[in-house]
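Visitor: One structure is given below, represented as structure tokens, and several questions about it will come after.
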Amino acid sequence: MRRRFAVVSVSWLIAVFGWPLPGSASTCETQLPSNIRGGIVARELLVLLAQSDTFRQQCRRIAAAPWVSVDFAIAQHVEGLNRAQTLIERFEAGAIRAHVTLAFGEDYLELIPHEVEHVLEQMERVALADEARTGRAWLDRSGGYETRRAITAGIRVRQELGADDYARCLRSSDAGWIWSEMRVNVAIISCTTRGTRSPAR
Ligand SMILES: [Zn+2]
């Protein structure tokens, strides 16, 4: 009877939340949780899991939040000629669905953790306007924000993968920015950090 009850309970949870509960011993070690769908960059995501403590920590936080889902895609062009864009959908019940688009040919291994950090910011309901007042985020001319936290995450992962030059971008005031706007319940966040590819020496 107890076992039957357990099965019924799990079925109920799946029906309510709409996706299987993520999590096994290998989750965020050698495989992605079910709420991170890598699509065409699934291989890069596994490389990051294998080589980056920072990315594994990001992955575990999302794996522990089954109300969040993240989908990755690549496009020839990203809005505003940015290197990447994350579109966040918020649902009334609290669910968050993030659509990450990476510009073709860019440095996916830096951009993936950068964009995932923006997803974590949204999960934490970080107030970007408040962050801007403290200098941890800033506006660009289009009225959007970039955050030092996301830039740092991308650069840190890059360092873990052996690209120390990316550390120089931490000191670059124009290393990147994001553009965002609110469309009802949709926030569009875009990033351009072209300076990080060839840091000034
Ligand atoms: Zn960004």
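Please note that chains go A, B, ... in the order of the structure tokens, that every chain numbers its residues from 1, and that ligands are numbered from 1 in the order shown.
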Quick one: everything within 12 Å of Ala50 in chain A, counting only C-alpha atoms, minus sequence neighbours fewer than 4 positions away in the same chain. Send it as number ranges by chain.
Guide: A: 26-32, 43-46, 54-57, 59, 157, 160-161
Visitor: Considering only C-alpha atoms, state which residue in the set A:Leu139, A:Ile36, A:Leu109, A:Leu87 is at the smallest distance from Gln159 in chain A.
Guide: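 Among the listed residues, the smallest separation from Gln159 in chain A belongs to A:Leu109.
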Visitor: Once DSSP has gone over the backbone, tell me which residues of range 55-134 of chain A are in strand (DSSP E), as a list in words.
Guide: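 Filtering range 55-134 of chain A down to strand (DSSP E) leaves Val68, Ser69, Val70, Asp71, Phe72, Ala73, Ile74, Ala75, Ala84, Gln85, Thr86, Leu87, Ile88, Glu89, Arg90, Ile96, Arg97, Ala98, His99, Val100, Thr101, Leu102 and Ala103 of chain A.
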Visitor: Name the closest residue to ligand 1 among the candidates A:Thr134, A:Ser69, A:Ser52, A:Gln85; distances are taken between atoms, counting only C-alpha atoms and all ligand atoms.
Guide: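 Closest to ligand 1 of all the choices is A:Gln85.
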